[in-house]
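Trainee: Dropping in protein04.txt, with compact mmCIF, C-alpha atoms.
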```
# COMPACT_ATOMS: atom_id res chain seq x y z
CA MET A 1 0.00 0.00 0.00
CA ASN A 2 1.21 3.53 -0.81
CA ILE A 3 -0.62 5.87 1.53
CA PHE A 4 0.82 8.94 -0.18
CA GLU A 5 -0.72 7.86 -3.48
CA GLU A 6 -4.14 7.40 -1.91
CA ILE A 7 -4.32 10.70 -0.04
CA SER A 8 -3.01 12.68 -3.02
CA GLU A 9 -6.45 12.30 -4.65
CA GLN A 10 -8.77 14.94 -3.17
CA SER A 11 -11.91 12.79 -2.89
CA ARG A 12 -10.12 9.88 -1.20
CA ARG A 13 -8.45 12.32 1.16
CA ALA A 14 -11.88 13.71 2.13
CA ILE A 15 -13.20 10.20 2.72
CA LEU A 16 -10.21 9.23 4.86
CA LEU A 17 -10.56 12.39 6.94
CA GLN A 18 -14.12 11.32 7.75
CA LEU A 19 -13.04 7.79 8.67
CA MET A 20 -10.30 9.12 10.94
CA ASP A 21 -13.12 10.36 13.19
CA GLY A 22 -14.78 6.94 13.33
CA SER A 23 -16.71 4.39 11.31
CA ARG A 24 -19.03 5.74 8.64
CA SER A 25 -21.58 4.32 6.22
CA VAL A 26 -21.56 5.31 2.56
CA ASN A 27 -24.58 7.57 3.10
CA GLU A 28 -22.89 9.32 6.03
CA ILE A 29 -19.76 9.92 3.97
CA VAL A 30 -21.84 11.24 1.05
CA GLU A 31 -23.65 13.66 3.35
CA ALA A 32 -20.45 14.87 5.03
CA THR A 33 -18.33 15.29 1.90
CA GLY A 34 -20.85 16.24 -0.76
CA LEU A 35 -19.44 13.57 -3.06
CA ARG A 36 -21.72 11.47 -5.23
CA GLN A 37 -22.64 8.02 -3.88
CA PRO A 38 -21.15 6.03 -6.81
CA ASN A 39 -17.85 7.91 -6.45
CA VAL A 40 -17.72 7.26 -2.72
CA SER A 41 -18.43 3.57 -3.26
CA ASN A 42 -15.71 3.32 -5.92
CA HIS A 43 -13.14 5.07 -3.75
CA LEU A 44 -13.99 2.90 -0.75
CA ALA A 45 -13.61 -0.23 -2.87
CA ARG A 46 -10.16 0.94 -3.95
CA LEU A 47 -9.10 1.83 -0.40
CA ARG A 48 -10.33 -1.54 0.85
CA SER A 49 -8.39 -3.37 -1.88
CA LYS A 50 -5.27 -1.50 -0.78
CA GLY A 51 -5.75 -2.53 2.85
CA ILE A 52 -6.31 1.02 4.04
CA VAL A 53 -9.95 0.67 5.07
CA SER A 54 -12.03 -2.28 6.24
CA SER A 55 -15.78 -2.86 6.28
CA SER A 56 -18.26 -4.49 8.64
CA ARG A 57 -22.00 -5.10 8.37
CA VAL A 58 -24.38 -3.88 11.06
CA GLY A 59 -27.91 -4.95 10.20
CA ARG A 60 -28.60 -3.79 6.66
CA HIS A 61 -25.82 -1.22 6.65
CA ILE A 62 -22.13 -1.53 5.88
CA TYR A 63 -19.76 0.65 7.88
CA TYR A 64 -16.23 1.54 6.81
CA SER A 65 -13.29 2.33 9.05
CA ILE A 66 -9.51 2.69 8.97
CA SER A 67 -8.17 -0.86 8.70
CA LYS A 68 -5.69 -0.89 11.58
CA ALA A 69 -3.89 1.31 14.08
CA GLU A 70 -0.67 1.44 12.05
CA VAL A 71 -2.54 2.87 9.06
CA GLU A 72 -4.32 5.42 11.26
CA ASP A 73 -0.99 6.50 12.76
CA ALA A 74 0.47 6.94 9.30
CA LEU A 75 -2.55 8.96 8.12
CA ASN A 76 -2.38 11.17 11.20
CA ALA A 77 1.32 11.77 10.64
CA ILE A 78 0.89 12.65 6.97
CA ILE A 79 -2.34 14.65 7.06
CA ARG A 80 -1.84 16.42 10.38
CA SER A 81 -0.09 19.73 10.06
CA SER A 82 0.13 22.70 12.39
CA GLU A 83 -0.43 26.26 11.21
CA ASP A 84 3.10 27.32 12.02
CA GLU A 85 4.75 24.35 10.25
CA PRO A 86 6.42 25.45 6.99
CA SER A 87 5.05 24.01 3.76
CA VAL A 88 8.57 23.07 2.65
CA VAL A 89 11.22 21.72 5.01
CA ASP A 90 14.95 21.85 4.32
CA LEU A 91 16.07 18.37 5.34
CA SER A 92 19.54 19.64 6.24
CA GLU A 93 17.94 21.72 9.01
CA LEU A 94 16.50 18.55 10.58
CA VAL A 95 19.79 16.62 10.73
CA ILE A 96 21.15 18.01 14.01
CA PRO A 97 17.77 18.00 15.83
CA TYR A 98 17.24 14.38 14.77
CA ALA A 99 20.78 13.37 15.80
CA ARG A 100 20.41 15.01 19.22
CA ALA A 101 17.01 13.41 19.83
CA ALA A 102 18.35 9.98 18.84
CA CYS A 103 21.32 10.34 21.20
CA ARG A 104 18.90 11.20 24.03
CA GLY A 105 16.86 8.14 23.19
CA ASP A 106 13.87 10.38 22.45
CA GLU A 107 12.22 8.22 19.82
CA ARG A 108 8.98 10.18 19.99
CA GLU A 109 10.82 13.32 18.89
CA CYS A 110 12.63 11.38 16.17
CA SER A 111 9.25 10.20 14.89
CA ARG A 112 7.89 13.75 14.94
CA ILE A 113 10.86 14.94 12.87
CA ILE A 114 10.42 12.10 10.38
CA ASP A 115 6.69 12.82 10.09
CA GLN A 116 7.45 16.48 9.44
CA ALA A 117 9.96 15.51 6.76
CA VAL A 118 7.72 13.04 4.91
CA ARG A 119 4.88 15.55 4.65
CA THR A 120 6.95 17.62 2.20
CA HIS A 121 9.55 15.13 0.92
CA ARG A 122 8.26 11.94 -0.67
CA CYS A 123 11.56 10.95 -2.25
CA MET A 124 13.03 8.01 -0.36
CA ILE A 125 16.58 8.81 -1.45
CA ALA A 126 16.34 12.34 -0.03
CA LEU A 127 14.81 11.15 3.24
CA TYR A 128 17.36 8.40 3.67
CA ALA A 129 20.50 10.11 2.42
CA ASP A 130 19.96 13.78 3.26
CA LEU A 131 18.30 13.26 6.63
CA LEU A 132 18.92 9.84 8.17
CA GLY A 133 22.27 9.16 6.49
CA ALA A 134 23.54 12.64 7.30
CA ALA A 135 22.32 12.32 10.89
CA MET A 136 24.07 8.97 11.38
CA SER A 137 27.27 10.43 9.90
CA THR A 138 27.02 13.28 12.41
CA ILE A 139 26.42 10.84 15.25
CA GLY A 140 29.46 8.84 14.11
CA SER A 141 31.63 11.94 14.31
CA TRP A 142 30.32 12.61 17.84
CA TYR A 143 31.20 9.04 18.82
CA LEU A 144 34.73 9.31 17.42
CA ALA A 145 35.20 12.60 19.30
CA GLY A 146 34.07 10.96 22.55
CA ALA A 147 30.95 13.11 22.87
CA ILE A 148 28.73 10.01 23.06
CA ASP A 149 29.55 6.46 24.12
CA GLU A 150 29.10 3.14 22.36
CA ALA A 151 25.76 2.42 24.01
CA GLN A 152 24.34 5.69 22.69
CA GLU A 153 25.74 5.00 19.24
CA HIS A 154 24.05 1.59 19.19
CA MET A 155 20.81 3.11 20.44
CA THR A 156 20.76 5.69 17.64
CA SER A 157 21.25 2.92 15.08
CA ALA A 158 18.32 0.96 16.48
CA ILE A 159 16.09 4.06 16.52
CA THR A 160 17.06 4.96 12.96
CA GLU A 161 16.27 1.49 11.63
CA ARG A 162 12.81 1.78 13.16
CA GLN A 163 12.37 5.22 11.58
CA MET A 164 13.29 3.69 8.22
CA GLY A 165 10.46 1.23 8.77
CA ARG A 166 8.19 4.19 9.49
CA ILE A 167 9.12 5.82 6.18
CA MET A 168 8.54 2.55 4.34
CA SER A 169 5.05 2.30 5.86
CA TYR A 170 4.25 5.67 4.30
CA LEU A 171 5.75 4.88 0.90
CA GLY A 172 4.30 1.38 0.64
CA THR A 173 5.82 -1.84 -0.66
CA PRO A 174 4.78 -2.80 -4.20
CA THR A 175 4.36 -6.39 -5.29
CA PRO A 176 7.85 -7.67 -6.19
CA SER A 177 8.83 -8.68 -9.69
CA GLU A 178 11.02 -11.65 -10.60
CA ASN A 179 14.26 -9.72 -9.93
CA VAL A 180 16.01 -11.13 -6.86
CA ALA A 181 18.67 -9.44 -4.74
CA VAL A 182 20.63 -10.86 -1.80
CA ILE A 183 22.05 -8.28 0.61
CA GLY A 184 24.37 -8.82 3.57
CA SER A 185 27.90 -8.60 4.89
CA ALA A 186 30.72 -10.97 5.74
CA PRO A 187 32.07 -11.63 9.26
CA GLN A 188 33.57 -8.68 11.16
CA ASN A 189 31.10 -6.29 9.54
CA HIS A 190 28.49 -5.23 12.07
CA HIS A 191 26.65 -2.22 10.62
CA THR A 192 23.31 -2.70 8.87
CA ILE A 193 21.82 0.74 8.20
CA GLY A 194 23.52 1.27 4.84
CA MET A 195 22.50 -2.20 3.70
CA ARG A 196 18.97 -1.65 4.93
CA MET A 197 18.73 1.57 2.93
CA LEU A 198 19.74 -0.25 -0.25
CA ALA A 199 17.33 -3.09 0.54
CA ASP A 200 14.45 -0.67 1.10
CA TYR A 201 15.21 1.20 -2.11
CA LEU A 202 15.26 -2.02 -4.11
CA THR A 203 11.96 -3.01 -2.49
CA THR A 204 10.35 0.20 -3.74
CA GLN A 205 11.70 -0.66 -7.19
CA LYS A 206 9.81 -4.00 -7.07
CA TRP A 207 12.82 -6.21 -6.37
CA ASN A 208 12.43 -9.40 -4.34
CA VAL A 209 14.97 -8.67 -1.58
CA ARG A 210 16.54 -11.32 0.65
CA PHE A 211 18.16 -9.33 3.45
CA LEU A 212 20.71 -11.41 5.37
CA GLY A 213 22.00 -8.65 7.65
CA ALA A 214 25.42 -8.27 9.23
CA ASP A 215 28.20 -10.69 10.14
CA VAL A 216 27.01 -13.60 7.96
CA PRO A 217 29.33 -16.65 7.79
CA VAL A 218 30.78 -17.01 4.30
CA PRO A 219 29.50 -20.59 3.72
CA SER A 220 25.98 -19.55 4.73
CA PHE A 221 26.05 -16.49 2.49
CA ARG A 222 27.33 -18.55 -0.44
CA ARG A 223 24.65 -21.20 0.12
CA GLU A 224 21.90 -18.56 0.08
CA VAL A 225 23.19 -17.18 -3.22
CA ALA A 226 23.43 -20.67 -4.72
CA ASP A 227 19.90 -21.52 -3.60
CA SER A 228 18.09 -18.26 -4.45
CA ARG A 229 19.99 -17.64 -7.73
CA PRO A 230 19.79 -13.84 -7.46
CA ASP A 231 20.32 -11.30 -10.21
CA LEU A 232 22.18 -9.03 -7.79
CA VAL A 233 24.36 -9.58 -4.72
CA LEU A 234 25.09 -6.57 -2.51
CA ILE A 235 27.90 -6.91 0.03
CA SER A 236 28.69 -4.28 2.64
CA CYS A 237 32.11 -3.69 4.19
CA SER A 238 32.34 -0.93 6.78
CA HIS A 239 35.61 -1.52 8.65
CA ASN A 240 39.18 -2.60 8.03
CA GLU A 241 38.61 -5.66 10.21
CA GLY A 242 36.14 -7.01 7.67
CA VAL A 243 38.22 -6.55 4.52
CA GLU A 244 39.75 -10.04 4.46
CA TRP A 245 36.40 -11.73 5.04
CA THR A 246 34.71 -9.53 2.44
CA GLY A 247 37.34 -10.42 -0.16
CA ARG A 248 36.83 -14.10 0.58
CA LEU A 249 33.05 -13.72 0.26
CA ILE A 250 33.35 -11.92 -3.07
CA ARG A 251 35.54 -14.72 -4.43
CA GLU A 252 33.12 -17.37 -3.21
CA ILE A 253 30.16 -15.65 -4.88
CA ALA A 254 32.14 -15.06 -8.06
CA SER A 255 33.00 -18.77 -8.19
CA LEU A 256 29.31 -19.55 -8.74
CA ARG A 257 29.39 -17.88 -12.13
CA GLY A 258 29.32 -20.20 -15.08
CA ASN A 259 27.04 -22.63 -13.30
CA ALA A 260 23.94 -21.16 -14.97
CA GLN A 261 24.31 -18.23 -12.55
CA THR A 262 25.51 -14.75 -13.37
CA PRO A 263 24.87 -12.62 -10.29
CA THR A 264 26.12 -9.06 -10.48
CA ILE A 265 28.24 -8.35 -7.40
CA VAL A 266 28.16 -4.85 -5.90
CA VAL A 267 30.24 -3.92 -2.86
CA GLY A 268 29.48 -0.87 -0.73
CA GLY A 269 30.17 0.50 2.72
CA GLY A 270 32.50 2.87 4.48
CA ILE A 271 35.69 1.11 3.42
CA VAL A 272 34.87 0.62 -0.25
CA ASN A 273 36.88 3.53 -1.66
CA GLN A 274 39.96 2.56 0.32
CA GLU A 275 39.84 -1.05 -0.90
CA ALA A 276 38.39 -0.47 -4.38
CA ASP A 277 41.16 -2.14 -6.40
CA ARG A 278 41.22 -5.15 -4.13
CA PHE A 279 37.47 -5.75 -4.23
CA LEU A 280 37.37 -5.41 -8.00
CA ALA A 281 40.27 -7.85 -8.32
CA ASP A 282 38.39 -10.30 -6.08
CA GLY A 283 35.49 -10.31 -8.55
CA ALA A 284 33.19 -7.40 -7.71
CA ASP A 285 31.50 -5.84 -10.72
CA PHE A 286 30.69 -2.46 -9.21
CA LEU A 287 31.40 -0.39 -6.12
CA ALA A 288 28.58 1.57 -4.47
CA THR A 289 29.75 4.73 -2.73
CA SER A 290 26.30 6.08 -1.81
CA LEU A 291 22.60 5.37 -2.11
CA GLU A 292 22.27 8.11 -4.71
CA GLN A 293 25.06 6.67 -6.85
CA PHE A 294 23.61 3.19 -6.60
CA ALA A 295 20.10 4.34 -7.56
CA THR A 296 21.02 6.70 -10.40
CA TYR A 297 24.08 5.01 -11.89
CA LEU A 298 24.60 1.40 -10.85
CA LEU A 299 21.10 -0.07 -10.75
CA PRO A 300 20.25 1.02 -14.32
CA GLN A 301 23.38 -0.82 -15.49
CA VAL A 302 22.42 -3.94 -13.56
CA THR A 303 18.92 -3.97 -15.04
CA ALA A 304 19.90 -2.96 -18.58
CA PRO A 305 19.34 -5.72 -21.17
CA ASN A 306 22.46 -7.47 -22.39
```
Written as C-alpha cells, that's how I'd like the structure from this file.
Mentor:
Amino acid sequence: MNIFEEISEQSRRAILLQLMDGSRSVNEIVEATGLRQPNVSNHLARLRSKGIVSSSRVGRHIYYSISKAEVEDALNAIIRSSEDEPSVVDLSELVIPYARAACRGDERECSRIIDQAVRTHRCMIALYADLLGAAMSTIGSWYLAGAIDEAQEHMTSAITERQMGRIMSYLGTPTPSENVAVIGSAPQNHHTIGMRMLADYLTTQKWNVRFLGADVPVPSFRREVADSRPDLVLISCSHNEGVEWTGRLIREIASLRGNAQTPTIVVGGGIVNQEADRFLADGADFLATSLEQFATYLLPQVTAPN
C-alpha cells in the first residue's frame, strides 16, 4: 500500500478524513463530503483493496473504518499539520535536531521529525541520504570525538532502523517482480543501516529482496546465493577488520558464475573507496559509494538488457 498515493487524490483524502473520526456508512460519507454516492463507493472499494480501510455489516448497513492502528498512525502523521509548520522543510535543518534526539533516546521526537519531513519530501533517497544518512554520519563523528559512548551509538542505530520502517510504511511496498537481490555482509562487519537503505530502495523498485543482515558466515552467504539464484548480490564492508572476510566472500560468490548463474556483485560500505582495487580484483562488478550513486548510476546498469 502507498498511503501517499491514496491521499493525493482529493476525494479519497476527504473520505479518509471522515473515517479518521470513526466508522461511517456510505450515506454518512456522502452527506459529510458532498461527493456522489457512486464515487464514494468506488473510492472505498479501492481503499479496501489497498488494505487502508475495512468494512463491517451492522444490520442492513455496511460501515467503513480505517483498517488498523498502524494505518491510522500513518494517516495522522501525513495529514496532520500545524499552522506554524512550513510548507517546505529543508532536510539539512533537521539533521542536528534528529541526531540530538536519537542520542537522548527520544524516539517520539525522532518520529515527529520524520513525520514532518515526509509531509513535504516523498523521495526516499532524499529522506534516507539527506536526513537519516547525514544524521548517522554526524552521530558517528560525535562518537569518534568521545561526545557520546558506544551504548548511545548503538541506540541511535536501532532508533534509525525503526524510523526507516516508518518511512517505508508511508511509501508502501509494491508487489515484487522476478528480480532477486541478496544483501548482507561478511564476518567482522556489524553495521546494517547502509544495507537496509539499499534493501528498502530495491523493495520500492519492485525487487524481491533477501536481506541477510550483518556478520554472515561465508558458507551460509554462499549457500543462500546458490539456492536463491539472485540477479544481484550486494555486500557491505564498513571496517578494516572485515576486509579479508569480504574479499573471501566476493571470491566465493564469483566462483558460482558459469554454473547457470551470473549474479552481479556490488560492494558498498564505508571502506569501499579505500579497498576499491582489491574488491574489483576479487570479482566485484561495481562499487557503491552512496545510495544516490547506486540508484542513479549502478542499478540502471544492472537492469539494462544485455
Trainee: The residues within 12 Å of (10.6, 1.0, 8.3), using all atoms listed in the file and the coordinates of the file, should be reported as a list in words; which are they?
Mentor: Glu70, Ala74, Ser111, Ile114, Met124, Tyr128, Ala158, Ile159, Thr160, Glu161, Arg162, Gln163, Met164, Gly165, Arg166, Ile167, Met168, Ser169, Tyr170, Leu171, Gly172, Thr173, Ile193, Arg196, Met197, Ala199, Asp200, Tyr201 and Thr203 of chain A
Trainee: To one decimal place in Å, what is the distance between atom CA of A:Leu44 and atom CA of A:Gln205?
Mentor: 26.7 Å
Trainee: Interatomic distance between atom CA of A:Pro219 and atom CA of A:Asp277?
Mentor: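 Answer for the atom CA of A:Pro219 to atom CA of A:Asp277 separation: 24.1 Å.
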Trainee: Need the shell around A:Leu232: protein/DNA/RNA residues with any atom at most 10 Å away, counting all atoms listed in the file. Skip same-chain ones fewer than 6 positions apart. Format as a list in words?
Mentor: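 Listed by chain and then number, they are Asn179, Val180, Ala181, Val182, Ile183, Trp207, Val209, Val225, Thr262, Pro263, Thr264, Ile265, Val266, Leu299, Val302 and Thr303 of chain A.
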Trainee: Just to confirm, what's the straight-line distance from atom CA of A:Ala126 to atom CA of A:Gln293 in Å (one decimal)?
Mentor: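 Computing the Euclidean distance for atom CA of A:Ala126 and atom CA of A:Gln293 yields 12.4 Å.
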Trainee: Could you list, as number ranges by chain, every residue within 10 Å of A:His121, counting only C-alpha atoms and ignoring same-chain residues fewer than 6 positions away?
Mentor: A: 88-91, 114-115, 127
Trainee: Skipping near chain neighbours, those fewer than 6 positions away, what residues fall within 12 Å of A:Glu28 using all atoms listed in the file, listed as a ChimeraX atom specification?
Mentor: /A:15,18-19,22,34-37,40-41,61-64
Trainee: Under the rule that only C-alpha atoms are counted, which of A:Leu75, A:Ala288, A:Leu132, A:Leu198 is the nearest residue to A:Leu94?
Mentor: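 Checking each candidate against A:Leu94, we get A:Leu132 as the closest.
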Trainee: What are the centre and the three edge lengths of an axis-aligned box that wraps all atoms of stretch 194-210 of chain A in the file, given that 3 Å is added to every side, written as JSON and rounded to one decimal in Å?
Mentor:
```
{"center_x": 16.7, "center_y": -4.9, "center_z": -1.1, "size_x": 19.7, "size_y": 18.9, "size_z": 18.1}
```
Trainee: Measuring between all atoms listed in the file, which one of A:Cys237, A:Ala134, A:Ala147, A:Val218 shows the shortest distance to A:His191?
Mentor: A:Cys237
